[in-house]
Amino acid sequence: MPSIRVASINGEWMNSWFTADGQPVAFVNTFKLPGESASNSSSKTATKLAALITAINPDILAMQEAPSRKEELDLFVSQYLSDPSGPRYATILGDSGGAQKLALLYKPAKITASLAPSTTLTTLLDPWQADVDGSMMLGPYQFTRTPLVVDVTVAGHDLQAIVMHTKSSFVNNGESMWTNPTTRQTYVVTALKARRRNSSEGMRTRRYLNERLAADPNQRVIVMGDLNDGPGMDYFEENYLAHNVTDILLGSGFDPEGMLTHAQHDVGPADRYTAVFDDFVENVSNKKLLLDHLLLSPGLIGSAGLRKKKGSGTIHHTEFNAQWKNNGKKREDRATDHRPVSVVLQY
C-alpha cells in the first residue's frame, strides 16, 4: 500500500547561517546565537541538520525557525539536500515571523503543493479581539507568526497542512527574575502574558479548524509544528490559566466528531518528549517536554483514502542522537534542539 511520511522539525535559528537581508544570499562561514561566546561553523551545523532530515526521509516536512528568505532555504536544499539529479525538495516559505519563518518542504515527484487561497484564511489572517495581558480589556491581536497553510495533493488525495510556531513562553533574564524575590512578580506577569498570547493563538486556530470541519467533517487536515506547549499543565497553566494550548487545539469532548488525534501518542510515555530544558520555576533539571506535535483531523483516521497508518507516529530520538555531540554544548554540536516528529499516511 503506497504511503508518505509527514514530518515536522524546528531548525533552531537557521537564519543565523546566512548573510543579512539586503545582501546577496550566501552562507556565512561562522555565526553566534544569542548568549553564545564561541563561534559556530555554518557548514558543520547545516550538515548536521541535513543529515537528520535525510535519515528521516520525509516526503513532506514542516519547518519552524526557517530562514527569512526563500532563496536562503533553497540554497540550503540545493547544497545539502540534493542528489546528482537535483534538489530533493521544493519549498514554500511563509511571509510571517521575521527571522524565524515557517516553511514546508515537499518532494515534487510525489507531491503537489500550493499556498491556500488567502480568501479562505480570514480567520487566521485578520486581527481578533483578545485580552492577552490580563487587563480584562479586549484589544486587537494577531499571530506572532501567522500559520502557514498549504494545500497538498498526494496521488489525487487532498490534504491541508497547517504549519505553526506559537508565541514562545521565553522571558529574557527569566531565571534571575524568578529567583529574586523583588522581581519574581514581574516575571510572573511577563510569563503569563506570553502564555495568554499562546492560548489566544491556539484558540484562533481551533476556530479555523471548527469552520473547516463544519463545512466538511471529512476534511483531511494536519496541524504541524512547535506549539511551545505540551500535555499537562506547567506551573502557570495550573495555577493561573487552568488550561493549556494543546488541549484547546485538540478540541472539545462535547464535540467528539471534531476532535483531533495526536500522532505522537503512538510513542511510549517514557520517550514522549521532543525537548529537554531546565525548569527553574519548578526546580526540575533536564525536564522532558513534548513541544512538537502532529495533530490529525478525523478525516485522516479512517479505513479508506488518505489516512494514518496505525502505530506510525514517531519521535525521532535515534536520528536526533546520531547528530548530537559534546552534549550539544555549541550550536554546531547538534542538528537542532528539538527532536523531529513524523507520521506515515497511507492511501
# chains A, B, ... in the order shown; residues from 1 in each chain; ligands from 1
>>> closest_atom_pairs(of="region 77-195 of chain A", to="region 266-283 of chain A", cutoff="9 Å", atoms="only C-alpha atoms", output="tab-separated table")
residue	atom	partner	partner_atom	distance
A:Gly174	CA	A:Phe280	CA	8.8
A:Glu175	CA	A:Phe280	CA	6.3
A:Trp178	CA	A:Val281	CA	7.1
A:Thr179	CA	A:Phe280	CA	8.4
>>> residues_around(residues="Asn210 (chain A)", least_positions_apart="5", cutoff="12 Å", atoms="only C-alpha atoms", output="PyMOL selection string")
chain A and resi 123+203-205+215-217+219+221+248-252+255-260+297-298
>>> write_last_selection(atoms="C-alpha atoms", output="mmCIF file, in the first residue's frame")
data_model
loop_
_atom_site.group_PDB
_atom_site.id
_atom_site.type_symbol
_atom_site.label_atom_id
_atom_site.label_comp_id
_atom_site.auth_asym_id
_atom_site.auth_seq_id
_atom_site.Cartn_x
_atom_site.Cartn_y
_atom_site.Cartn_z
ATOM 1 C CA THR A 123 -9.926 33.703 10.476
ATOM 2 C CA MET A 203 -7.968 29.303 20.298
ATOM 3 C CA ARG A 204 -7.973 31.183 16.980
ATOM 4 C CA THR A 205 -6.523 28.195 15.151
ATOM 5 C CA ALA A 215 -18.149 22.707 6.213
ATOM 6 C CA ASP A 216 -16.801 19.178 5.630
ATOM 7 C CA PRO A 217 -16.390 16.774 8.584
ATOM 8 C CA GLN A 219 -11.758 17.320 5.581
ATOM 9 C CA VAL A 221 -6.138 18.476 7.862
ATOM 10 C CA ILE A 248 -7.511 23.814 23.052
ATOM 11 C CA LEU A 249 -6.266 22.709 19.638
ATOM 12 C CA LEU A 250 -7.284 19.080 20.081
ATOM 13 C CA GLY A 251 -10.901 20.120 20.585
ATOM 14 C CA SER A 252 -13.787 19.620 22.968
ATOM 15 C CA ASP A 255 -17.861 17.691 20.049
ATOM 16 C CA PRO A 256 -16.018 14.358 19.695
ATOM 17 C CA GLU A 257 -16.573 14.291 15.935
ATOM 18 C CA GLY A 258 -14.317 17.338 15.631
ATOM 19 C CA MET A 259 -11.517 16.267 17.950
ATOM 20 C CA LEU A 260 -8.028 15.860 16.515
ATOM 21 C CA SER A 297 -8.295 15.688 11.740
ATOM 22 C CA PRO A 298 -10.947 12.938 11.946
#
>>> closest_residue(among="A:His165, A:Ala103, A:Gln185, A:Ile9", to="Ala50 (chain A)", atoms="only C-alpha atoms")
A:Ile9
>>> select_by_dssp(residues="region 110-305 of chain A", states="strand (DSSP E or B)", output="short mmCIF file (atom, residue, chain, number, x, y, z; two decimals) with N, CA and C atoms, in the first residue's frame")
data_model
loop_
_atom_site.label_atom_id
_atom_site.label_comp_id
_atom_site.auth_asym_id
_atom_site.auth_seq_id
_atom_site.Cartn_x
_atom_site.Cartn_y
_atom_site.Cartn_z
N ILE A 111 4.42 14.83 -4.67
CA ILE A 111 3.50 15.76 -4.01
C ILE A 111 3.34 17.01 -4.87
N THR A 112 2.13 17.53 -4.93
CA THR A 112 1.93 18.89 -5.42
C THR A 112 1.43 19.72 -4.26
N ALA A 113 1.87 20.98 -4.20
CA ALA A 113 1.53 21.82 -3.06
C ALA A 113 1.49 23.28 -3.48
N SER A 114 0.59 24.03 -2.85
CA SER A 114 0.47 25.46 -3.11
C SER A 114 -0.14 26.12 -1.89
N LEU A 115 0.13 27.40 -1.73
CA LEU A 115 -0.45 28.15 -0.62
C LEU A 115 -1.97 28.12 -0.72
N TRP A 128 -8.07 39.79 15.71
CA TRP A 128 -9.25 39.47 16.50
C TRP A 128 -9.12 40.13 17.87
N GLN A 129 -10.21 40.15 18.62
CA GLN A 129 -10.24 40.77 19.94
C GLN A 129 -9.82 39.75 21.00
N ALA A 130 -8.90 40.14 21.86
CA ALA A 130 -8.42 39.23 22.90
C ALA A 130 -7.87 40.04 24.07
N GLY A 139 -8.57 43.85 23.15
CA GLY A 139 -7.88 44.68 22.17
C GLY A 139 -7.51 43.83 20.98
N PRO A 140 -7.15 44.47 19.87
CA PRO A 140 -6.82 43.70 18.66
C PRO A 140 -5.52 42.91 18.85
N TYR A 141 -5.52 41.70 18.34
CA TYR A 141 -4.34 40.85 18.44
C TYR A 141 -4.20 40.05 17.15
N LEU A 148 1.28 28.89 8.49
CA LEU A 148 1.46 28.67 7.06
C LEU A 148 0.50 27.55 6.64
N VAL A 149 -0.43 27.87 5.76
CA VAL A 149 -1.45 26.91 5.35
C VAL A 149 -1.22 26.54 3.89
N VAL A 150 -1.00 25.25 3.66
CA VAL A 150 -0.64 24.77 2.33
C VAL A 150 -1.61 23.66 1.92
N ASP A 151 -2.15 23.78 0.72
CA ASP A 151 -3.00 22.74 0.16
C ASP A 151 -2.12 21.75 -0.60
N VAL A 152 -2.21 20.49 -0.22
CA VAL A 152 -1.35 19.43 -0.74
C VAL A 152 -2.21 18.39 -1.46
N THR A 153 -1.67 17.83 -2.53
CA THR A 153 -2.32 16.72 -3.20
C THR A 153 -1.33 15.57 -3.31
N VAL A 154 -1.77 14.39 -2.88
CA VAL A 154 -0.96 13.17 -2.92
C VAL A 154 -1.73 12.12 -3.70
N HIS A 157 -5.30 12.61 -3.69
CA HIS A 157 -5.91 12.82 -2.38
C HIS A 157 -5.52 14.20 -1.85
N ASP A 158 -6.50 14.95 -1.36
CA ASP A 158 -6.26 16.31 -0.87
C ASP A 158 -5.96 16.29 0.63
N LEU A 159 -5.05 17.16 1.01
CA LEU A 159 -4.65 17.32 2.41
C LEU A 159 -4.30 18.79 2.63
N GLN A 160 -4.75 19.34 3.75
CA GLN A 160 -4.33 20.69 4.11
C GLN A 160 -3.36 20.61 5.28
N ALA A 161 -2.17 21.18 5.09
CA ALA A 161 -1.14 21.20 6.12
C ALA A 161 -1.09 22.59 6.74
N ILE A 162 -1.20 22.64 8.06
CA ILE A 162 -1.12 23.90 8.80
C ILE A 162 0.15 23.86 9.64
N VAL A 163 1.13 24.68 9.28
CA VAL A 163 2.40 24.73 10.00
C VAL A 163 2.34 25.86 11.01
N MET A 164 2.64 25.54 12.28
CA MET A 164 2.51 26.53 13.35
C MET A 164 3.79 26.62 14.18
N HIS A 165 4.03 27.80 14.69
CA HIS A 165 5.04 28.04 15.73
C HIS A 165 4.48 29.15 16.61
N VAL A 221 -6.97 17.36 7.42
CA VAL A 221 -6.14 18.48 7.86
C VAL A 221 -5.12 17.94 8.86
N ILE A 222 -3.89 18.42 8.75
CA ILE A 222 -2.87 18.07 9.73
C ILE A 222 -2.23 19.35 10.26
N VAL A 223 -2.24 19.52 11.57
CA VAL A 223 -1.61 20.66 12.23
C VAL A 223 -0.22 20.21 12.67
N MET A 224 0.80 20.96 12.27
CA MET A 224 2.17 20.52 12.45
C MET A 224 3.00 21.65 13.05
N GLY A 225 3.85 21.31 14.04
CA GLY A 225 4.80 22.32 14.45
C GLY A 225 5.10 22.38 15.93
N ASP A 226 5.82 23.44 16.28
CA ASP A 226 6.27 23.71 17.64
C ASP A 226 5.23 24.61 18.28
N THR A 261 -6.60 13.93 16.53
CA THR A 261 -5.84 12.82 17.10
C THR A 261 -4.36 13.18 17.10
N HIS A 262 -3.69 12.94 18.22
CA HIS A 262 -2.27 13.27 18.36
C HIS A 262 -1.44 12.08 17.90
N ALA A 275 11.86 17.93 23.55
CA ALA A 275 12.83 18.91 24.02
C ALA A 275 13.15 18.66 25.49
N VAL A 276 14.34 19.06 25.89
CA VAL A 276 14.78 18.92 27.27
C VAL A 276 15.34 20.25 27.74
N PHE A 277 14.74 20.81 28.78
CA PHE A 277 15.18 22.09 29.31
C PHE A 277 15.16 22.06 30.83
N ASP A 278 15.99 22.88 31.44
CA ASP A 278 15.94 23.06 32.89
C ASP A 278 14.76 23.98 33.23
N ASP A 279 13.90 23.53 34.13
CA ASP A 279 12.74 24.31 34.56
C ASP A 279 13.08 24.94 35.91
N VAL A 284 13.29 21.76 38.25
CA VAL A 284 13.48 20.44 37.64
C VAL A 284 14.55 20.56 36.57
N SER A 285 15.65 19.84 36.74
CA SER A 285 16.71 19.83 35.74
C SER A 285 16.37 18.83 34.64
N ASN A 286 16.74 19.16 33.43
CA ASN A 286 16.53 18.27 32.28
C ASN A 286 15.08 17.79 32.19
N LYS A 287 14.18 18.73 32.28
CA LYS A 287 12.76 18.40 32.17
C LYS A 287 12.42 18.04 30.73
N LYS A 288 11.73 16.94 30.54
CA LYS A 288 11.36 16.46 29.22
C LYS A 288 9.99 17.00 28.83
N LEU A 289 9.93 17.64 27.67
CA LEU A 289 8.71 18.31 27.23
C LEU A 289 8.34 17.88 25.81
N ASP A 292 6.57 19.55 20.23
CA ASP A 292 6.40 19.43 18.79
C ASP A 292 5.31 18.40 18.50
N HIS A 293 4.39 18.76 17.62
CA HIS A 293 3.16 18.00 17.51
C HIS A 293 2.73 17.78 16.07
N LEU A 294 2.04 16.66 15.84
CA LEU A 294 1.32 16.39 14.61
C LEU A 294 -0.10 16.00 15.01
N LEU A 295 -1.05 16.86 14.68
CA LEU A 295 -2.44 16.67 15.08
C LEU A 295 -3.27 16.40 13.83
N LEU A 296 -4.02 15.30 13.85
CA LEU A 296 -4.72 14.83 12.66
C LEU A 296 -6.22 15.01 12.79
#
>>> residues_around(residues="Gln264 (chain A)", least_positions_apart="4", cutoff="7 Å", atoms="only C-alpha atoms", output="ChimeraX atom specification")
/A:313-315
>>> select_by_dssp(residues="region 53-131 of chain A", states="helix (DSSP H, G or I)", output="list in words")
Ile53, Thr54, Ala55, Ile56, Lys70, Glu71, Glu72, Leu73, Asp74, Leu75, Phe76, Val77, Ser78, Gln79, Tyr80, Ser118, Thr119, Thr120, Thr122, Thr123, Leu124 and Leu125 of chain A
>>> residues_around(residues="Ile53 (chain A)", least_positions_apart="5", cutoff="10 Å", atoms="only C-alpha atoms", output="ChimeraX atom specification")
/A:7-9,47-48,58,61,81,319-320,335,340
>>> write_last_selection(atoms="N, CA and C atoms", output="JSON list (two decimals), in the first residue's frame")
[["chain", "number", "residue", "atom", "x", "y", "z"],
["A", 7, "ALA", "N", 6.55, 14.95, 8.32],
["A", 7, "ALA", "CA", 7.38, 15.24, 9.50],
["A", 7, "ALA", "C", 7.38, 16.73, 9.81],
["A", 8, "SER", "N", 7.83, 17.04, 11.02],
["A", 8, "SER", "CA", 7.99, 18.42, 11.45],
["A", 8, "SER", "C", 9.29, 18.54, 12.23],
["A", 9, "ILE", "N", 10.00, 19.65, 12.00],
["A", 9, "ILE", "CA", 11.27, 19.88, 12.68],
["A", 9, "ILE", "C", 11.47, 21.36, 12.92],
["A", 47, "THR", "N", 25.20, 20.76, 7.86],
["A", 47, "THR", "CA", 25.41, 19.35, 7.54],
["A", 47, "THR", "C", 24.68, 18.45, 8.52],
["A", 48, "LYS", "N", 24.71, 18.82, 9.80],
["A", 48, "LYS", "CA", 24.02, 18.02, 10.81],
["A", 48, "LYS", "C", 22.51, 18.04, 10.60],
["A", 58, "PRO", "N", 11.51, 12.42, 5.03],
["A", 58, "PRO", "CA", 10.09, 12.74, 4.87],
["A", 58, "PRO", "C", 9.74, 13.12, 3.44],
["A", 61, "LEU", "N", 7.80, 17.97, 4.80],
["A", 61, "LEU", "CA", 8.48, 18.40, 6.02],
["A", 61, "LEU", "C", 8.08, 19.82, 6.38],
["A", 81, "LEU", "N", 20.60, 19.05, 0.52],
["A", 81, "LEU", "CA", 19.53, 18.07, 0.37],
["A", 81, "LEU", "C", 19.27, 17.81, -1.11],
["A", 319, "GLU", "N", 17.67, 9.17, 15.42],
["A", 319, "GLU", "CA", 18.24, 10.04, 14.39],
["A", 319, "GLU", "C", 18.77, 11.34, 14.99],
["A", 320, "PHE", "N", 18.05, 11.87, 15.98],
["A", 320, "PHE", "CA", 18.49, 13.08, 16.67],
["A", 320, "PHE", "C", 19.82, 12.83, 17.39],
["A", 335, "ALA", "N", 22.10, 19.05, 15.49],
["A", 335, "ALA", "CA", 21.31, 19.41, 14.32],
["A", 335, "ALA", "C", 20.26, 20.46, 14.67],
["A", 340, "PRO", "N", 12.74, 15.74, 16.01],
["A", 340, "PRO", "CA", 11.69, 15.78, 14.98],
["A", 340, "PRO", "C", 10.58, 14.77, 15.27]]
>>> residues_around(residues="Thr30 (chain A)", least_positions_apart="2", cutoff="10 Å", atoms="only C-alpha atoms", output="ChimeraX atom specification")
/A:16-18,27-28,32,38-45,332
>>> write_last_selection(atoms="C-alpha atoms", output="short mmCIF file (atom, residue, chain, number, x, y, z; two decimals), in the first residue's frame")
data_model
loop_
_atom_site.label_atom_id
_atom_site.label_comp_id
_atom_site.auth_asym_id
_atom_site.auth_seq_id
_atom_site.Cartn_x
_atom_site.Cartn_y
_atom_site.Cartn_z
CA SER A 16 21.86 32.83 11.54
CA TRP A 17 23.68 30.73 8.91
CA PHE A 18 23.14 33.28 6.15
CA PHE A 27 26.16 31.10 3.80
CA VAL A 28 28.37 32.89 6.31
CA LYS A 32 26.89 33.02 17.04
CA ALA A 38 32.11 30.95 20.79
CA SER A 39 31.52 30.88 17.05
CA ASN A 40 29.87 28.00 15.21
CA SER A 41 30.61 26.67 11.75
CA SER A 42 27.66 27.18 9.40
CA SER A 43 28.82 24.25 7.30
CA LYS A 44 29.00 21.85 10.26
CA THR A 45 25.62 22.95 11.56
CA GLU A 332 27.41 23.24 15.70
#
>>> closest_residue(among="A:Arg206, A:Lys110, A:Lys101, A:Arg220", to="Ile301 (chain A)", atoms="only C-alpha atoms")
A:Arg220
>>> residues_around(residues="Ser68 (chain A)", least_positions_apart="5", cutoff="8 Å", atoms="only C-alpha atoms", output="PDB file with N, CA and C atoms, in the first residue's frame")
ATOM      1  N   ASN A  15      18.278  31.059  10.292  1.00  0.00           N
ATOM      2  CA  ASN A  15      18.584  32.342   9.660  1.00  0.00           C
ATOM      3  C   ASN A  15      19.987  32.839   9.995  1.00  0.00           C
ATOM      4  N   ASP A  21      19.735  40.152   5.486  1.00  0.00           N
ATOM      5  CA  ASP A  21      18.780  40.556   4.460  1.00  0.00           C
ATOM      6  C   ASP A  21      19.281  41.841   3.801  1.00  0.00           C
ATOM      7  N   GLY A  98       9.425  37.198  10.694  1.00  0.00           N
ATOM      8  CA  GLY A  98      10.714  37.876  10.733  1.00  0.00           C
ATOM      9  C   GLY A  98      11.860  36.937  10.422  1.00  0.00           C
ATOM     10  N   ALA A  99      12.781  36.787  11.388  1.00  0.00           N
ATOM     11  CA  ALA A  99      13.953  35.939  11.201  1.00  0.00           C
ATOM     12  C   ALA A  99      13.671  34.484  11.538  1.00  0.00           C
ATOM     13  N   GLN A 100      12.461  34.162  11.951  1.00  0.00           N
ATOM     14  CA  GLN A 100      12.090  32.784  12.268  1.00  0.00           C
ATOM     15  C   GLN A 100      10.803  32.438  11.519  1.00  0.00           C
ATOM     16  N   LYS A 101      10.942  32.138  10.257  1.00  0.00           N
ATOM     17  CA  LYS A 101       9.769  31.906   9.427  1.00  0.00           C
ATOM     18  C   LYS A 101       9.359  30.429   9.429  1.00  0.00           C
TER      19      LYS A 101
END
